[in-house]
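Step one of this worksheet: look at the structure below.
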Amino acid sequence: MTENDIKGILSLINEPFIGKDFTSLGFVKQISYNGKNLSVILEISDEDFAGADDLKARITSDIQKAFPELKEINISFKTGILNHDSRQKEFVMPGVKNTIAVASGKGGVGKSTVAVNLTMALAKLGLKVGLIDADIYGPSIPLMMDIHTSPGIAEDKGRKVLVPVEQYGIKLMSIGFLMKKDDAVVWRGPMASSALKQFMEDSLWGNLDVLLFDMPPGTGDIQLTLSQTVPLTGAVIVTTPQEIATADAKKGYTMFDKVNVPTLGVIENMSYYKSETGKIDYIFGQGGGKKMCEEIGVELLGEIPINSKIREQGDAGNPIVNSNPEEEESKTFLNIAKNLIISINKRNTSGKQSKGPEIIMEG
Ligand code: ADP
C-alpha cells in the first residue's frame with residue numbers, strides 16, 4: 001500500500017462543503033502507516049460538522065475494502081482553508097492565503113467588535129490569522145486587544161519593515177499605532193491610504209491563513225486602496241437589523257461588487273436582547289439582516305445578540321471569544337467563523353477568483 005493508493009481512494013470522496021474531492025483540493029494533510037495501522041489527517045471546511053462521524057466511517061470502510069489486511073484505520077479531520085489565488089506569490093503579502101474586508105455601511109453597528117471576535121474565533125479553529133485596523137474614524141483595535149506597544153522595525157531583504165504586534169496569538173496592525181489622539185480629520189484621504197499600503201507592502205506578515213481588515217464605515221478611499229492593492233478574497237458586511245443600517249450596508253455591498261469583490265456573507269449584530277428570564281426583545285427590529293441577504297443574494301453568516309458581556313470584554317481589552325469561550329455568544333461567533341470558512345472555500349473553488357489588482361506590477 002502506498003501513499004498514492006490512499007490518495008486514489010480519497011480522490012473519489014468529496015469534501016462535503018465544497019463538492020470537490022479531498023485529493024484534488026490538497027486536503028490530504030498526512031498519511032502515516034506502520035505496516036499494520038494507518039492514520040490519515042484530512043483538512044475539511046468544518047471539522048465537527050453534523051455528518052463528521054458518518055463521513056469518517058465511510059472513508060474507513062472504503063480503505064478497509066481496498067486493504068483488508070489493515071488492522072486499524074484512524075481518520076481525523078482538521079479545519080482547512082484554501083489559498084485564494086494560486087498567483088498569490090506575485091502579490092504583496094505572498095504568504096497570506098486570504099484577505100477579507102470587514103465592512104459596514106454606517107458607524108456604531110459593532111463592526112470592530114465583530115471583527116476582533118471573528119478574528120479570535122478563526123484562531124480558535126486552528127487558523128493563523130491577522131487583523132489590520134484601517135478604521136481611521138475610530139481605530140479601536142488596540143483598546144479592544146489591550147495593546148500598549150508599537151510595531152517593531154526589522155530588516156528584510158535589505159529594507160526596513162514593520163513587525164506587526166502580536167496579542168492572543170493574532171498578528172495586528174492599526175492605524176491607531178501611527179495616529180495621535182483626535183487626529184482623525186487630518187488622517188482622511190491620502191495619508192490613511194498610504195498608511196494602509198505600508199501595512200500591506202512593508203510589514204512582516206509571514207504565513208497567514210486569513211488576514212482581516214477592519215474597514216472604516218461607508219464607501220471611500222480606503223476601500224478603493226485595499227481593493228487595488230490586494231486580490232481580496234471577499235468582504236463581510238456587518239449590520240444591525242434596523243432599516244437605516246441595512247440600507248447603508250447594501251451600499252457597501254454595491255461598492256464592493258463594482259470593484260469585483262464578492263460579499264462572502266452578512267453578519268447581523270445587536271439582533272436581539274435576551275433578558276435573564278429568557279424574554280427576547282428585538283430592540284432594533286427583527287429580521288433586517290435576513291431580508292437584506294435575500295435581496296442581494298448573499299448568505300447570512302449569523303446573528304449576534306446585544307449583550308453587556310460583549311461590550312464589557314471589548315472595553316476590558318479581552319474579546320469575549322477569548323475571555324469567555326463557554327458563553328453562548330462566543331459559540332455564536334465560532335459558528336459564524338465556521339460559516340465564513342465554508343464561504344471562503346466555496347469562493348476559492350468557484351473559478352471566479354479576483355483577477356488581482358491591475359497596478360500590482362508597478363515598482
Ligand atoms: P463600529 O466599529 O461599527 O463603529 P464598535 O464595534 O466600536 O462599532 O461598537 C460600538 C459600541 O457598541 C461599542 O461600545 C461596543 O462595545 C458596543 N457593541 C458592539 N456590539 C455589541 C453587542 N453585540 N452587544 C453589546 N455591545 C456591543
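The chains in the C-alpha cells are called A, B, ... from first to last as shown; in each chain the residues are counted from 1, and the ligands are counted from 1 in the order shown.
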
Determine, counting only C-alpha atoms, which protein, DNA and RNA residues have an atom within 7 Å of an atom of Ile31 (chain A); residues of the same chain fewer than 6 positions away are not included. Present the result as a PDB file with N, CA and C atoms, in the first residue's frame.
ATOM      1  N   GLU A   3       1.208   5.737  -0.490  1.00  0.00           N
ATOM      2  CA  GLU A   3       0.502   6.997  -0.261  1.00  0.00           C
ATOM      3  C   GLU A   3      -0.461   7.269  -1.414  1.00  0.00           C
ATOM      4  N   SER A  39      -3.050   5.912   9.716  1.00  0.00           N
ATOM      5  CA  SER A  39      -3.813   7.079  10.167  1.00  0.00           C
ATOM      6  C   SER A  39      -3.680   8.200   9.148  1.00  0.00           C
ATOM      7  N   VAL A  40      -4.826   8.841   8.911  1.00  0.00           N
ATOM      8  CA  VAL A  40      -4.906   9.862   7.857  1.00  0.00           C
ATOM      9  C   VAL A  40      -5.505  11.130   8.462  1.00  0.00           C
ATOM     10  N   ILE A  41      -4.824  12.253   8.232  1.00  0.00           N
ATOM     11  CA  ILE A  41      -5.387  13.538   8.659  1.00  0.00           C
ATOM     12  C   ILE A  41      -5.862  14.285   7.416  1.00  0.00           C
TER      13      ILE A  41
END

Surrounding residues as a PDB file with N, CA and C atoms, in the first residue's frame, ligand 1, max 8 Å, only C-alpha atoms and all ligand atoms:
ATOM      1  N   SER A 104     -18.914  47.980   7.035  1.00  0.00           N
ATOM      2  CA  SER A 104     -20.300  48.289   7.409  1.00  0.00           C
ATOM      3  C   SER A 104     -20.710  49.539   6.648  1.00  0.00           C
ATOM      4  N   LYS A 106     -22.690  51.986   7.984  1.00  0.00           N
ATOM      5  CA  LYS A 106     -22.590  53.119   8.899  1.00  0.00           C
ATOM      6  C   LYS A 106     -21.809  52.742  10.156  1.00  0.00           C
ATOM      7  N   GLY A 107     -21.401  53.768  10.911  1.00  0.00           N
ATOM      8  CA  GLY A 107     -20.635  53.534  12.137  1.00  0.00           C
ATOM      9  C   GLY A 107     -21.536  53.096  13.279  1.00  0.00           C
ATOM     10  N   GLY A 108     -20.933  52.515  14.287  1.00  0.00           N
ATOM     11  CA  GLY A 108     -21.664  52.192  15.511  1.00  0.00           C
ATOM     12  C   GLY A 108     -22.479  50.910  15.474  1.00  0.00           C
ATOM     13  N   VAL A 109     -22.360  50.130  14.389  1.00  0.00           N
ATOM     14  CA  VAL A 109     -23.137  48.883  14.313  1.00  0.00           C
ATOM     15  C   VAL A 109     -22.393  47.717  14.982  1.00  0.00           C
ATOM     16  N   GLY A 110     -21.154  47.981  15.438  1.00  0.00           N
ATOM     17  CA  GLY A 110     -20.390  46.940  16.112  1.00  0.00           C
ATOM     18  C   GLY A 110     -19.411  46.243  15.180  1.00  0.00           C
ATOM     19  N   LYS A 111     -19.048  46.911  14.103  1.00  0.00           N
ATOM     20  CA  LYS A 111     -18.132  46.304  13.130  1.00  0.00           C
ATOM     21  C   LYS A 111     -16.799  45.902  13.761  1.00  0.00           C
ATOM     22  N   SER A 112     -16.192  46.812  14.554  1.00  0.00           N
ATOM     23  CA  SER A 112     -14.888  46.487  15.153  1.00  0.00           C
ATOM     24  C   SER A 112     -15.024  45.358  16.178  1.00  0.00           C
ATOM     25  N   THR A 113     -16.093  45.388  16.952  1.00  0.00           N
ATOM     26  CA  THR A 113     -16.343  44.334  17.938  1.00  0.00           C
ATOM     27  C   THR A 113     -16.470  42.983  17.234  1.00  0.00           C
ATOM     28  N   VAL A 114     -17.208  42.981  16.122  1.00  0.00           N
ATOM     29  CA  VAL A 114     -17.374  41.738  15.359  1.00  0.00           C
ATOM     30  C   VAL A 114     -16.034  41.340  14.746  1.00  0.00           C
ATOM     31  N   ALA A 115     -15.285  42.309  14.214  1.00  0.00           N
ATOM     32  CA  ALA A 115     -14.002  41.981  13.568  1.00  0.00           C
ATOM     33  C   ALA A 115     -13.043  41.310  14.545  1.00  0.00           C
ATOM     34  N   ASP A 135      -9.647  51.493  10.357  1.00  0.00           N
ATOM     35  CA  ASP A 135     -10.765  52.401  10.619  1.00  0.00           C
ATOM     36  C   ASP A 135     -10.233  53.740  11.124  1.00  0.00           C
ATOM     37  N   GLY A 138     -12.087  55.711  13.961  1.00  0.00           N
ATOM     38  CA  GLY A 138     -12.058  55.242  15.347  1.00  0.00           C
ATOM     39  C   GLY A 138     -11.286  53.959  15.425  1.00  0.00           C
ATOM     40  N   SER A 140     -10.105  51.249  16.986  1.00  0.00           N
ATOM     41  CA  SER A 140     -10.379  50.789  18.347  1.00  0.00           C
ATOM     42  C   SER A 140      -9.735  49.452  18.675  1.00  0.00           C
ATOM     43  N   ASP A 214     -10.327  45.649   9.370  1.00  0.00           N
ATOM     44  CA  ASP A 214     -11.444  46.376   9.973  1.00  0.00           C
ATOM     45  C   ASP A 214     -11.518  47.712   9.227  1.00  0.00           C
ATOM     46  N   PRO A 216     -13.017  51.386   7.631  1.00  0.00           N
ATOM     47  CA  PRO A 216     -13.851  52.492   8.113  1.00  0.00           C
ATOM     48  C   PRO A 216     -15.270  52.311   7.571  1.00  0.00           C
ATOM     49  N   PRO A 217     -16.288  52.817   8.254  1.00  0.00           N
ATOM     50  CA  PRO A 217     -17.642  52.673   7.719  1.00  0.00           C
ATOM     51  C   PRO A 217     -17.806  53.436   6.407  1.00  0.00           C
ATOM     52  N   VAL A 238     -21.145  43.931   8.137  1.00  0.00           N
ATOM     53  CA  VAL A 238     -21.794  43.911   9.454  1.00  0.00           C
ATOM     54  C   VAL A 238     -22.901  44.958   9.454  1.00  0.00           C
ATOM     55  N   ASN A 269     -25.518  42.142  13.738  1.00  0.00           N
ATOM     56  CA  ASN A 269     -25.125  42.365  15.133  1.00  0.00           C
ATOM     57  C   ASN A 269     -26.255  43.086  15.857  1.00  0.00           C
ATOM     58  N   MET A 270     -26.289  42.937  17.164  1.00  0.00           N
ATOM     59  CA  MET A 270     -27.332  43.541  18.010  1.00  0.00           C
ATOM     60  C   MET A 270     -28.715  43.074  17.559  1.00  0.00           C
ATOM     61  N   SER A 271     -28.793  41.783  17.213  1.00  0.00           N
ATOM     62  CA  SER A 271     -30.030  41.220  16.663  1.00  0.00           C
ATOM     63  C   SER A 271     -31.180  41.256  17.668  1.00  0.00           C
ATOM     64  N   ILE A 304     -25.860  38.054  16.102  1.00  0.00           N
ATOM     65  CA  ILE A 304     -25.242  38.201  17.423  1.00  0.00           C
ATOM     66  C   ILE A 304     -26.145  39.069  18.303  1.00  0.00           C
ATOM     67  N   PRO A 305     -26.473  38.596  19.488  1.00  0.00           N
ATOM     68  CA  PRO A 305     -27.335  39.403  20.358  1.00  0.00           C
ATOM     69  C   PRO A 305     -26.612  40.625  20.922  1.00  0.00           C
ATOM     70  N   ILE A 306     -27.374  41.557  21.424  1.00  0.00           N
ATOM     71  CA  ILE A 306     -26.778  42.676  22.172  1.00  0.00           C
ATOM     72  C   ILE A 306     -26.676  42.218  23.617  1.00  0.00           C
ATOM     73  N   ASN A 307     -25.507  42.451  24.196  1.00  0.00           N
ATOM     74  CA  ASN A 307     -25.243  41.828  25.477  1.00  0.00           C
ATOM     75  C   ASN A 307     -24.134  42.604  26.172  1.00  0.00           C
ATOM     76  N   SER A 308     -24.340  42.916  27.448  1.00  0.00           N
ATOM     77  CA  SER A 308     -23.335  43.749  28.127  1.00  0.00           C
ATOM     78  C   SER A 308     -21.980  43.052  28.210  1.00  0.00           C
ATOM     79  N   LYS A 309     -21.979  41.704  28.221  1.00  0.00           N
ATOM     80  CA  LYS A 309     -20.687  40.990  28.314  1.00  0.00           C
ATOM     81  C   LYS A 309     -19.825  41.251  27.078  1.00  0.00           C
ATOM     82  N   ILE A 310     -20.494  41.358  25.927  1.00  0.00           N
ATOM     83  CA  ILE A 310     -19.739  41.603  24.695  1.00  0.00           C
ATOM     84  C   ILE A 310     -19.073  42.985  24.778  1.00  0.00           C
ATOM     85  N   ARG A 311     -19.840  43.977  25.238  1.00  0.00           N
ATOM     86  CA  ARG A 311     -19.268  45.324  25.349  1.00  0.00           C
ATOM     87  C   ARG A 311     -18.176  45.372  26.419  1.00  0.00           C
ATOM     88  N   GLU A 312     -18.471  44.802  27.587  1.00  0.00           N
ATOM     89  CA  GLU A 312     -17.517  44.870  28.707  1.00  0.00           C
ATOM     90  C   GLU A 312     -16.175  44.225  28.335  1.00  0.00           C
ATOM     91  N   GLN A 313     -16.233  43.074  27.672  1.00  0.00           N
ATOM     92  CA  GLN A 313     -14.980  42.389  27.318  1.00  0.00           C
ATOM     93  C   GLN A 313     -14.209  43.176  26.275  1.00  0.00           C
ATOM     94  N   GLY A 314     -14.941  43.860  25.381  1.00  0.00           N
ATOM     95  CA  GLY A 314     -14.280  44.733  24.406  1.00  0.00           C
ATOM     96  C   GLY A 314     -13.571  45.861  25.124  1.00  0.00           C
ATOM     97  N   ASP A 315     -14.276  46.502  26.051  1.00  0.00           N
ATOM     98  CA  ASP A 315     -13.687  47.620  26.800  1.00  0.00           C
ATOM     99  C   ASP A 315     -12.514  47.158  27.658  1.00  0.00           C
TER     100      ASP A 315
END

May I ask for the distance between CA of Leu211 (chain A) and CA of Val96 (chain A), given in Å to one decimal place?
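Separation of CA of Leu211 (chain A) and CA of Val96 (chain A): 6.9 Å.
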
Running DSSP on the backbone, which parts of region 175-362 of chain A land in alpha helix (DSSP H), as a ChimeraX atom specification?
/A:184-187,190-201,221-229,243-258,288-296,308-315,320-323,328-348

What gap, in Å, lies between CA of Lys171 (chain A) and CA of Val116 (chain A)?
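Interatomic distance here is 11.5 Å.
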
Between A:Leu172, A:Val28, A:Ile63, A:Leu208, which one has atoms that come closest to Gly126 (chain A), using only C-alpha atoms?
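Once distances to Gly126 (chain A) are computed over only C-alpha atoms, the minimum belongs to A:Leu208.
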
Residues within 8 Å of region 335-352 of chain A, please, as an MDAnalysis selection string. Count only C-alpha atoms; anything in the same chain fewer than 6 positions from it doesn't count.
chainID A and resid 17:18 45:46 81:85 118 121:122 233:234 264:265 267 301:302

Excluding Gly252 (chain A) and its own-chain neighbours fewer than 3 positions away, which residues fall within 10 Å of it when counting only C-alpha atoms? Please give them as a PyMOL selection string.
chain A and resi 103-106+217-220+223+235-238+246-249+255-257+263

Quote the spacing between CA of Val129 (chain A) and CA of Pro142 (chain A) in Å to one decimal place.
16.1 Å

Can you list, as a PyMOL selection string, every residue of region 14-263 of chain A that DSSP puts in strand (DSSP E or B)?
chain A and resi 14+21+28-33+37-44+72-79+96+99-104+129-133+152-156+159-163+165-167+170-174+203+208+210-214+234-239+263

Restrict the selected residues to C-alpha atoms and save them as a JSON list (two decimals), in the first residue's frame.
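The new file again.json reads:
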[["chain", "number", "residue", "atom", "x", "y", "z"],
["A", 14, "ASN", "CA", -15.91, 14.70, -1.90],
["A", 21, "ASP", "CA", -12.64, 15.53, -3.73],
["A", 28, "VAL", "CA", -4.89, 15.21, 2.39],
["A", 29, "LYS", "CA", -2.63, 16.54, 5.12],
["A", 30, "GLN", "CA", -0.87, 13.49, 6.50],
["A", 31, "ILE", "CA", -0.75, 9.77, 5.88],
["A", 32, "SER", "CA", 1.11, 7.56, 8.35],
["A", 33, "TYR", "CA", 1.41, 3.78, 8.13],
["A", 37, "ASN", "CA", -2.10, 0.69, 11.33],
["A", 38, "LEU", "CA", -2.99, 3.57, 9.07],
["A", 39, "SER", "CA", -3.81, 7.08, 10.17],
["A", 40, "VAL", "CA", -4.91, 9.86, 7.86],
["A", 41, "ILE", "CA", -5.39, 13.54, 8.66],
["A", 42, "LEU", "CA", -7.73, 15.34, 6.28],
["A", 43, "GLU", "CA", -8.49, 19.02, 6.08],
["A", 44, "ILE", "CA", -12.14, 19.98, 5.86],
["A", 72, "GLU", "CA", -6.60, -0.26, 12.36],
["A", 73, "ILE", "CA", -7.61, 2.80, 10.36],
["A", 74, "ASN", "CA", -7.82, 6.18, 12.01],
["A", 75, "ILE", "CA", -9.29, 9.13, 10.12],
["A", 76, "SER", "CA", -9.19, 12.60, 11.65],
["A", 77, "PHE", "CA", -10.39, 16.00, 10.43],
["A", 78, "LYS", "CA", -8.77, 19.38, 10.88],
["A", 79, "THR", "CA", -10.14, 22.75, 9.75],
["A", 96, "VAL", "CA", -1.20, 35.43, 3.14],
["A", 99, "THR", "CA", -7.69, 38.73, 2.70],
["A", 100, "ILE", "CA", -11.11, 39.75, 3.99],
["A", 101, "ALA", "CA", -12.57, 43.24, 4.40],
["A", 102, "VAL", "CA", -14.92, 43.58, 7.38],
["A", 103, "ALA", "CA", -17.13, 46.49, 6.40],
["A", 104, "SER", "CA", -20.30, 48.29, 7.41],
["A", 129, "VAL", "CA", -4.83, 34.95, 11.50],
["A", 130, "GLY", "CA", -4.00, 38.64, 11.41],
["A", 131, "LEU", "CA", -6.03, 41.81, 11.67],
["A", 132, "ILE", "CA", -5.40, 45.25, 10.19],
["A", 133, "ASP", "CA", -7.32, 48.07, 11.81],
["A", 152, "GLY", "CA", 8.71, 46.83, 15.81],
["A", 153, "ILE", "CA", 11.09, 47.59, 12.96],
["A", 154, "ALA", "CA", 13.20, 44.91, 11.28],
["A", 155, "GLU", "CA", 15.43, 44.45, 8.23],
["A", 156, "ASP", "CA", 14.07, 42.23, 5.50],
["A", 159, "ARG", "CA", 14.90, 47.16, 3.58],
["A", 160, "LYS", "CA", 13.26, 48.31, 6.78],
["A", 161, "VAL", "CA", 9.90, 46.71, 7.51],
["A", 162, "LEU", "CA", 7.29, 46.94, 10.25],
["A", 163, "VAL", "CA", 6.76, 43.95, 12.53],
["A", 165, "VAL", "CA", 2.25, 43.48, 17.18],
["A", 166, "GLU", "CA", 1.14, 40.08, 18.46],
["A", 167, "GLN", "CA", -1.62, 39.62, 21.04],
["A", 170, "ILE", "CA", -3.14, 37.28, 16.49],
["A", 171, "LYS", "CA", -0.84, 39.49, 14.40],
["A", 172, "LEU", "CA", -2.08, 43.08, 14.42],
["A", 173, "MET", "CA", -1.50, 46.44, 12.81],
["A", 174, "SER", "CA", -3.58, 49.52, 13.49],
["A", 203, "SER", "CA", 5.14, 44.71, 7.07],
["A", 208, "LEU", "CA", -1.31, 33.55, 7.43],
["A", 210, "VAL", "CA", -6.60, 34.81, 6.80],
["A", 211, "LEU", "CA", -5.85, 38.50, 7.19],
["A", 212, "LEU", "CA", -8.90, 40.59, 8.10],
["A", 213, "PHE", "CA", -9.27, 44.33, 7.62],
["A", 214, "ASP", "CA", -11.44, 46.38, 9.97],
["A", 234, "GLY", "CA", -14.09, 38.99, -0.32],
["A", 235, "ALA", "CA", -15.96, 41.25, 2.06],
["A", 236, "VAL", "CA", -18.02, 40.55, 5.15],
["A", 237, "ILE", "CA", -20.67, 43.15, 5.91],
["A", 238, "VAL", "CA", -21.79, 43.91, 9.45],
["A", 239, "THR", "CA", -25.19, 45.49, 10.03],
["A", 263, "THR", "CA", -19.53, 39.67, -0.39]]

Counting only C-alpha atoms, the option among A:Met93, A:Leu224, A:Ile147, A:Val230 closest to Gly176 (chain A)
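Looking at the shortest contact to Gly176 (chain A), the residue is A:Ile147.
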
Which residues are near Ala66 (chain A)? Cut-off 12 Å, only C-alpha atoms, ignore same chain within fewer than 6 positions. Put them as a PyMOL selection string.
chain A and resi 1-2+5-6+8-10+59-60

Expected file: the selected residues, N, CA and C atoms, as a tab-separated table (two decimals), in the first residue's frame:
chain	number	residue	atom	x	y	z
A	1	MET	N	0.85	-1.20	0.00
A	1	MET	CA	0.00	0.00	0.00
A	1	MET	C	0.88	1.25	0.00
A	2	THR	N	0.60	2.18	-0.91
A	2	THR	CA	1.41	3.40	-0.96
A	2	THR	C	0.52	4.61	-0.66
A	5	ASP	N	-2.01	5.13	-3.24
A	5	ASP	CA	-3.22	4.29	-3.15
A	5	ASP	C	-4.29	5.00	-2.31
A	6	ILE	N	-3.85	5.54	-1.17
A	6	ILE	CA	-4.80	6.22	-0.27
A	6	ILE	C	-5.34	7.48	-0.94
A	8	GLY	N	-5.64	7.92	-4.02
A	8	GLY	CA	-6.55	7.46	-5.07
A	8	GLY	C	-7.95	7.23	-4.52
A	9	ILE	N	-8.02	6.59	-3.35
A	9	ILE	CA	-9.33	6.35	-2.72
A	9	ILE	C	-9.99	7.69	-2.36
A	10	LEU	N	-9.16	8.60	-1.82
A	10	LEU	CA	-9.70	9.90	-1.38
A	10	LEU	C	-10.05	10.81	-2.56
A	59	ILE	N	-15.12	6.69	4.84
A	59	ILE	CA	-13.73	6.68	4.35
A	59	ILE	C	-13.02	5.43	4.88
A	60	THR	N	-13.21	5.15	6.18
A	60	THR	CA	-12.59	3.97	6.79
A	60	THR	C	-13.00	2.71	6.04
